[in-house]
Each structure stands twice: as structure tokens, then as C-alpha cells.
>>> print(open('run-v1.csv').read())   # CSV, C-alpha atoms and all ligand atoms
chain,number,residue,atom,x,y,z
A,233,MET,CA,73.3,98.8,84.3
A,234,THR,CA,76.9,98.5,85.2
A,235,PRO,CA,78.6,95.1,84.5
A,236,PRO,CA,79.3,92.9,87.5
A,237,PRO,CA,82.8,92.6,88.9
A,238,HIS,CA,85.0,90.6,86.6
A,239,THR,CA,88.7,90.2,85.5
A,240,PRO,CA,89.7,93.1,83.3
A,241,SER,CA,91.5,92.7,80.0
A,242,ILE,CA,95.2,93.5,80.2
A,243,THR,CA,97.2,95.3,77.5
A,244,MET,CA,100.8,96.4,77.4
A,245,VAL,CA,101.7,99.7,75.7
A,246,ARG,CA,105.0,101.4,75.1
A,247,GLY,CA,104.4,105.1,75.6
A,248,ASP,CA,103.8,108.1,77.8
A,249,ILE,CA,101.0,107.6,80.4
A,250,THR,CA,100.2,111.3,80.3
A,251,GLU,CA,99.0,110.9,76.7
A,252,GLN,CA,96.7,108.0,77.3
A,253,PRO,CA,93.0,108.6,76.4
A,254,VAL,CA,91.7,106.5,79.3
A,255,ASP,CA,89.2,107.2,82.1
A,256,ALA,CA,91.9,107.2,84.8
A,257,ILE,CA,95.7,107.1,84.9
A,258,VAL,CA,97.6,105.9,87.9
A,259,ASN,CA,100.4,108.0,89.3
A,260,ALA,CA,103.4,106.5,91.1
A,261,ALA,CA,103.3,109.2,93.7
A,262,ASN,CA,105.0,109.7,97.1
A,263,SER,CA,103.2,110.0,100.4
A,264,SER,CA,103.4,113.8,100.3
A,265,LEU,CA,101.1,113.9,97.2
A,266,LEU,CA,102.9,117.1,96.4
A,267,GLY,CA,104.7,116.0,93.3
A,268,GLY,CA,108.2,114.6,92.5
A,269,GLY,CA,110.2,113.3,89.6
A,270,GLY,CA,109.6,110.5,87.2
A,271,VAL,CA,106.0,109.8,86.2
A,272,ASP,CA,104.8,111.9,89.1
A,273,GLY,CA,106.6,114.9,87.7
A,274,ALA,CA,105.3,114.3,84.2
A,275,ILE,CA,101.7,114.1,85.3
A,276,HIS,CA,101.9,117.3,87.3
A,277,ARG,CA,103.8,119.1,84.6
A,278,LYS,CA,101.5,118.2,81.8
A,279,GLY,CA,98.3,118.0,83.8
A,280,GLY,CA,98.7,121.5,85.3
A,281,PRO,CA,98.1,123.1,88.7
A,282,ALA,CA,94.6,121.7,89.1
A,283,ILE,CA,96.0,118.3,90.1
A,284,LEU,CA,98.3,119.8,92.8
A,285,ALA,CA,95.4,121.9,94.1
A,286,ASP,CA,93.3,118.7,94.5
A,287,CYS,CA,96.3,117.0,96.2
A,288,ARG,CA,96.7,119.9,98.6
A,289,THR,CA,93.0,119.6,99.5
A,290,LEU,CA,93.5,115.9,100.2
A,291,ARG,CA,96.5,116.7,102.5
A,292,ALA,CA,94.5,119.4,104.3
A,293,THR,CA,91.5,117.0,104.9
A,294,GLN,CA,91.7,113.2,104.8
A,295,TYR,CA,95.4,112.7,104.5
A,296,GLY,CA,97.0,115.2,106.9
A,297,ARG,CA,100.0,112.9,107.4
A,298,GLY,CA,100.3,112.0,103.8
A,299,LEU,CA,99.0,109.0,101.7
A,300,PRO,CA,100.3,105.7,103.2
A,301,THR,CA,102.2,103.3,101.0
A,302,GLY,CA,99.9,101.0,99.1
A,303,GLN,CA,96.9,103.2,99.3
A,304,ALA,CA,95.2,105.1,96.5
A,305,VAL,CA,93.2,108.3,96.1
A,306,ALA,CA,91.8,110.1,93.0
A,307,THR,CA,92.1,113.7,91.8
A,308,THR,CA,91.2,115.6,88.6
A,309,ALA,CA,93.4,114.9,85.7
A,310,GLY,CA,93.5,118.7,84.8
A,311,ARG,CA,94.7,119.2,81.2
A,312,LEU,CA,95.4,115.5,80.6
A,313,PRO,CA,93.3,113.5,78.1
A,314,ALA,CA,92.2,111.2,81.1
A,315,HIS,CA,89.4,112.2,83.4
A,316,TRP,CA,91.1,111.3,86.7
A,317,VAL,CA,94.5,110.6,88.2
A,318,ILE,CA,94.6,107.9,90.8
A,319,HIS,CA,97.6,108.6,93.0
A,320,THR,CA,99.2,105.6,94.8
A,321,VAL,CA,102.4,105.3,96.8
A,322,GLY,CA,104.5,102.4,95.8
A,323,PRO,CA,106.9,100.7,98.3
A,324,VAL,CA,110.6,101.4,98.0
A,325,TYR,CA,112.4,98.2,97.0
A,326,SER,CA,114.1,96.3,99.9
A,327,PRO,CA,116.4,93.3,99.3
A,328,THR,CA,115.9,92.2,102.9
A,329,GLU,CA,112.2,92.9,103.6
A,330,ASP,CA,109.4,91.5,101.4
A,331,ARG,CA,107.2,94.5,100.5
A,332,SER,CA,105.4,92.8,97.6
A,333,ALA,CA,102.0,92.9,99.3
A,334,LEU,CA,102.3,96.7,99.4
A,335,LEU,CA,103.1,96.8,95.7
A,336,ALA,CA,100.1,94.5,95.0
A,337,ALA,CA,97.9,96.7,97.1
A,338,CYS,CA,98.8,99.8,95.0
A,339,HIS,CA,97.1,98.0,92.1
A,340,THR,CA,94.1,96.5,93.9
A,341,ASN,CA,93.4,99.8,95.8
A,342,SER,CA,93.7,101.8,92.5
A,343,LEU,CA,91.2,99.5,90.9
A,344,ARG,CA,88.9,99.9,93.9
A,345,VAL,CA,89.1,103.7,93.6
A,346,ALA,CA,88.5,103.3,89.8
A,347,ASP,CA,85.3,101.4,90.6
A,348,THR,CA,84.1,104.3,92.8
A,349,LEU,CA,84.6,106.6,89.8
A,350,ASP,CA,82.8,104.2,87.4
A,351,ALA,CA,86.1,104.3,85.4
A,352,THR,CA,86.2,101.5,82.8
A,353,THR,CA,89.7,102.0,81.3
A,354,VAL,CA,92.7,102.5,83.7
A,355,ALA,CA,96.4,103.0,82.8
A,356,PHE,CA,99.1,101.9,85.2
A,357,PRO,CA,102.8,102.9,85.0
A,358,ALA,CA,105.4,100.4,86.3
A,359,ILE,CA,105.0,101.4,89.9
A,360,SER,CA,108.1,101.5,92.1
A,361,THR,CA,110.5,100.5,89.3
A,362,GLY,CA,112.1,103.9,88.9
A,363,ILE,CA,113.3,106.0,91.8
A,364,TYR,CA,112.1,103.3,94.2
A,365,ARG,CA,114.4,100.7,92.5
A,366,TRP,CA,112.1,97.7,92.3
A,367,PRO,CA,113.4,95.1,89.8
A,368,VAL,CA,111.2,95.4,86.8
A,369,ALA,CA,110.5,91.7,86.1
A,370,ASP,CA,109.5,91.1,89.7
A,371,ALA,CA,107.3,94.2,89.7
A,372,ALA,CA,105.6,93.1,86.5
A,373,ALA,CA,104.7,89.7,87.9
A,374,ILE,CA,103.3,91.3,91.1
A,375,ALA,CA,101.3,93.9,89.1
A,376,ILE,CA,99.8,91.4,86.7
A,377,ALA,CA,98.8,88.9,89.6
A,378,ALA,CA,97.3,91.8,91.6
A,379,VAL,CA,95.2,93.1,88.7
A,380,LEU,CA,93.9,89.6,88.0
A,381,SER,CA,93.3,88.9,91.7
A,382,ALA,CA,90.7,91.6,92.5
A,383,PRO,CA,87.3,91.5,90.8
A,384,THR,CA,86.6,95.0,89.5
A,385,ARG,CA,84.2,96.7,87.1
A,386,VAL,CA,87.1,98.1,85.1
A,387,GLN,CA,87.1,96.7,81.6
A,388,GLU,CA,90.6,97.4,80.5
A,389,VAL,CA,93.8,97.7,82.4
A,390,ARG,CA,96.6,99.2,80.3
A,391,PHE,CA,100.2,99.0,81.5
A,392,VAL,CA,102.0,101.9,79.9
A,393,LEU,CA,105.8,101.4,79.8
A,394,TYR,CA,107.9,104.4,79.2
A,395,ASP,CA,111.1,102.7,78.1
A,396,GLU,CA,111.8,99.7,75.8
A,397,ARG,CA,113.4,97.6,78.6
A,398,ALA,CA,110.3,98.0,80.8
A,399,TYR,CA,108.0,97.3,77.9
A,400,GLU,CA,109.8,94.1,76.9
A,401,THR,CA,109.9,92.9,80.5
A,402,PHE,CA,106.2,93.5,81.2
A,403,ALA,CA,105.2,92.1,77.8
A,404,ARG,CA,107.3,89.0,78.5
A,405,ALA,CA,105.8,88.6,82.0
A,406,TRP,CA,102.3,88.9,80.5
A,407,GLN,CA,103.1,86.3,77.8
A,408,GLU,CA,104.4,83.9,80.5
A,409,TRP,CA,101.3,84.5,82.6
A,410,GLN,CA,99.1,83.5,79.7
A,411,ALA,CA,101.2,80.5,78.6
A,501,LIG,N1,104.8,107.6,81.4
A,501,LIG,C1,104.8,106.3,81.8
A,501,LIG,N2,105.8,105.8,82.6
A,501,LIG,C2,106.7,106.7,83.0
A,501,LIG,C3,106.7,108.1,82.6
A,501,LIG,C4,105.7,108.5,81.8
A,501,LIG,N3,105.6,109.8,81.3
A,501,LIG,N4,107.8,108.7,83.2
A,501,LIG,C5,108.4,107.8,83.9
A,501,LIG,N5,107.8,106.6,83.8
A,501,LIG,C6,108.2,105.3,84.4
A,501,LIG,C7,109.6,105.1,84.8
A,501,LIG,O1,110.4,104.8,83.6
A,501,LIG,C8,109.4,103.8,85.7
A,501,LIG,O2,109.4,102.7,84.9
A,501,LIG,O3,107.4,105.1,85.6
A,501,LIG,C9,108.0,104.0,86.3
A,501,LIG,C10,108.1,104.4,87.8
A,501,LIG,O4,109.2,105.2,88.0
A,501,LIG,P1,109.1,106.6,89.0
A,501,LIG,O5,108.3,107.6,88.3
A,501,LIG,O6,110.5,106.9,89.4
A,501,LIG,O7,108.3,106.0,90.2
A,501,LIG,P2,108.7,105.1,91.5
A,501,LIG,O8,109.8,104.2,91.1
A,501,LIG,O9,107.4,104.5,91.9
A,501,LIG,O10,109.2,106.2,92.5
A,501,LIG,C11,108.3,107.1,93.1
A,501,LIG,O11,109.5,109.0,92.4
A,501,LIG,O12,108.8,110.6,91.1
A,501,LIG,C12,109.0,110.3,92.4
A,501,LIG,O13,107.3,111.5,93.6
A,501,LIG,C13,107.7,110.2,93.2
A,501,LIG,O14,108.8,110.0,95.2
A,501,LIG,C14,108.1,109.3,94.3
A,501,LIG,C15,109.0,108.3,93.6
>>> encode(input="run-v1.csv", output="C-alpha cells", more="lines below")
Ligand code: APR
Amino acid sequence: MTPPPHTPSITMVRGDITEQPVDAIVNAANSSLLGGGGVDGAIHRKGGPAILADCRTLRATQYGRGLPTGQAVATTAGRLPAHWVIHTVGPVYSPTEDRSALLAACHTNSLRVADTLDATTVAFPAISTGIYRWPVADAAAIAIAAVLSAPTRVQEVRFVLYDERAYETFARAWQEWQA
């Protein structure tokens, strides 16, 4: 009997998302789904060709024009300790256009996909805060609010922050949220 939708526990971890022994890790992909730099590059490099093969199949079938920003789709995790990779496309930061709803959607749609997989532990990177230049503190607040806004059957959401600055920023945002 799977538990009813609820609010998942949130943990903040300093580390490499490719090493997380969780059911699903979320990839900050681009709409091509064919790999890139940053965490996308690390996931494909360490997960191996099976991930890209699944991505190519998605492009050849449901996502002929690429994965739209804010949406999420799952593939195998290949050689990674996780079972699945949930690829989502974050918005590029814009100082003039408010794209925060798209960044929130990356999180809620990834959890929705996780529910279809019966995944109970999901790791997120700091989506859009690297090459897409989103200010980390703002991204942290959006990510936390989004994860807590959407009932899900996921039990644990783990934010995995690769560098000290991102970790400190996300941990502080989470402390402020709980205060
Ligand atoms: N584990 C966890 N986090 C990581 C890892 C890793 N192994 N490698 C990088 N990161 C962090 C970065 O430090 C940053 O905080 O992931 C966060 C997101 O940065 P990017 O990977 O640059 O992603 P994003 O800003 O969303 O830009 C997406 O970059 O890699 C390309 O194909 C991708 O075009 C897309 C764009």
C-alpha cells in the first residue's frame, strides 16, 4: 500500500549528485536532452551511454522538438547508483522577465514524474544556478517552496549542492524557511 500524497522531508547535502544512492536524481538538462556541461555532463559521463540512448529515444518519439523548459522526463540512470535520472530543463535567468514559475515547475514536474516511478527518494541539483546564471539564494527559495507546495508520495527530497557557496546558501534558505 503506497502512502498517500504528503510533504516530503527535505535534506541539504554537500556533494556530487552522481554519487547519491537515491531512487532518482534530477538532471539540470537542456531542451535537446543530448547532454551538455555542468551536472548534465557529469551525469552522462558517469552514467554511461545508456542514458543518452534513452534520451535519443525520447527525442525520436514524444519530444521531437526537445523537452520544453519546466517539464520533466525520466530515463535509466545507467551505471549510476540511482535507478532513474529525471531530466528537467531549467529557465535561463532573466533580470527583466520573471521566470520563477518555470523554475518551480521543474521541481513539481520532477516530483510528479518521480511519483509515476514510485520513487521515494529524489535528489535535486541547484537547477539553473550554473550556466543558466540564476542567483543561488533566489533559486533556493523557489526550489524549497515548490517542493513543499506539491503533494507527492516521495518521502525524501535531497538537495545536493556541489560547491560550498551553494550548500551554505541552500542550507540558510532552508533554516529561514523553518524558522
Ligand atoms: N553534482 C551536483 N551538482 C552539480 C554537479 C554535480 N556533479 N556538477 C555541477 N553541479 C551544480 C552546479 O555547481 C550548479 O550549482 O549544478 C548546478 C546547476 O548548474 P549547471 O549544471 O550549469 O545547470 P544549469 O545552470 O541549470 O544550466 C543548464 O548547462 O550543462 C548544461 O546541458 C546543460 O544547457 C544546460 C545548462
>>> residues_near_ligand(input="run-v1.csv", ligand="ligand LIG 501 (chain A)", cutoff="6 Å", atoms="all atoms listed in the file", output="list in words")
Asp248, Ile249, Thr250, Ala260, Ala261, Asn262, Gly267, Gly268, Gly269, Gly270, Val271, Asp272, Gly273, Ala274, Gly322, Pro357, Ala358, Ile359, Ser360, Thr361, Gly362, Ile363, Tyr364, Arg365, Val392, Leu393, Tyr394 and Asp395 of chain A
>>> atom_distance(input="run-v1.csv", atom1="CA of Thr401 in chain A", atom2="CA of Val386 in chain A")
23.8 Å
>>> closest_residue(input="run-v1.csv", among="A:Ser264, A:Asp286, A:Thr239, A:Ala373", to="Val321 in chain A", atoms="all atoms listed in the file")
A:Ser264
>>> atom_distance(input="run-v1.csv", atom1="CA of Ile257 in chain A", atom2="CA of Leu380 in chain A")
17.9 Å
>>> closest_residue(input="run-v1.csv", among="A:Ser332, A:Thr353, A:Gln410, A:Thr301", to="Phe391 in chain A", atoms="all atoms listed in the file")
A:Thr353
>>> closest_residue(input="run-v1.csv", among="A:Asn259, A:Thr328, A:Thr293, A:Thr352", to="Thr307 in chain A", atoms="all atoms listed in the file")
A:Asn259
>>> atom_distance(input="run-v1.csv", atom1="CA of Ala314 in chain A", atom2="CA of Val345 in chain A")
14.9 Å
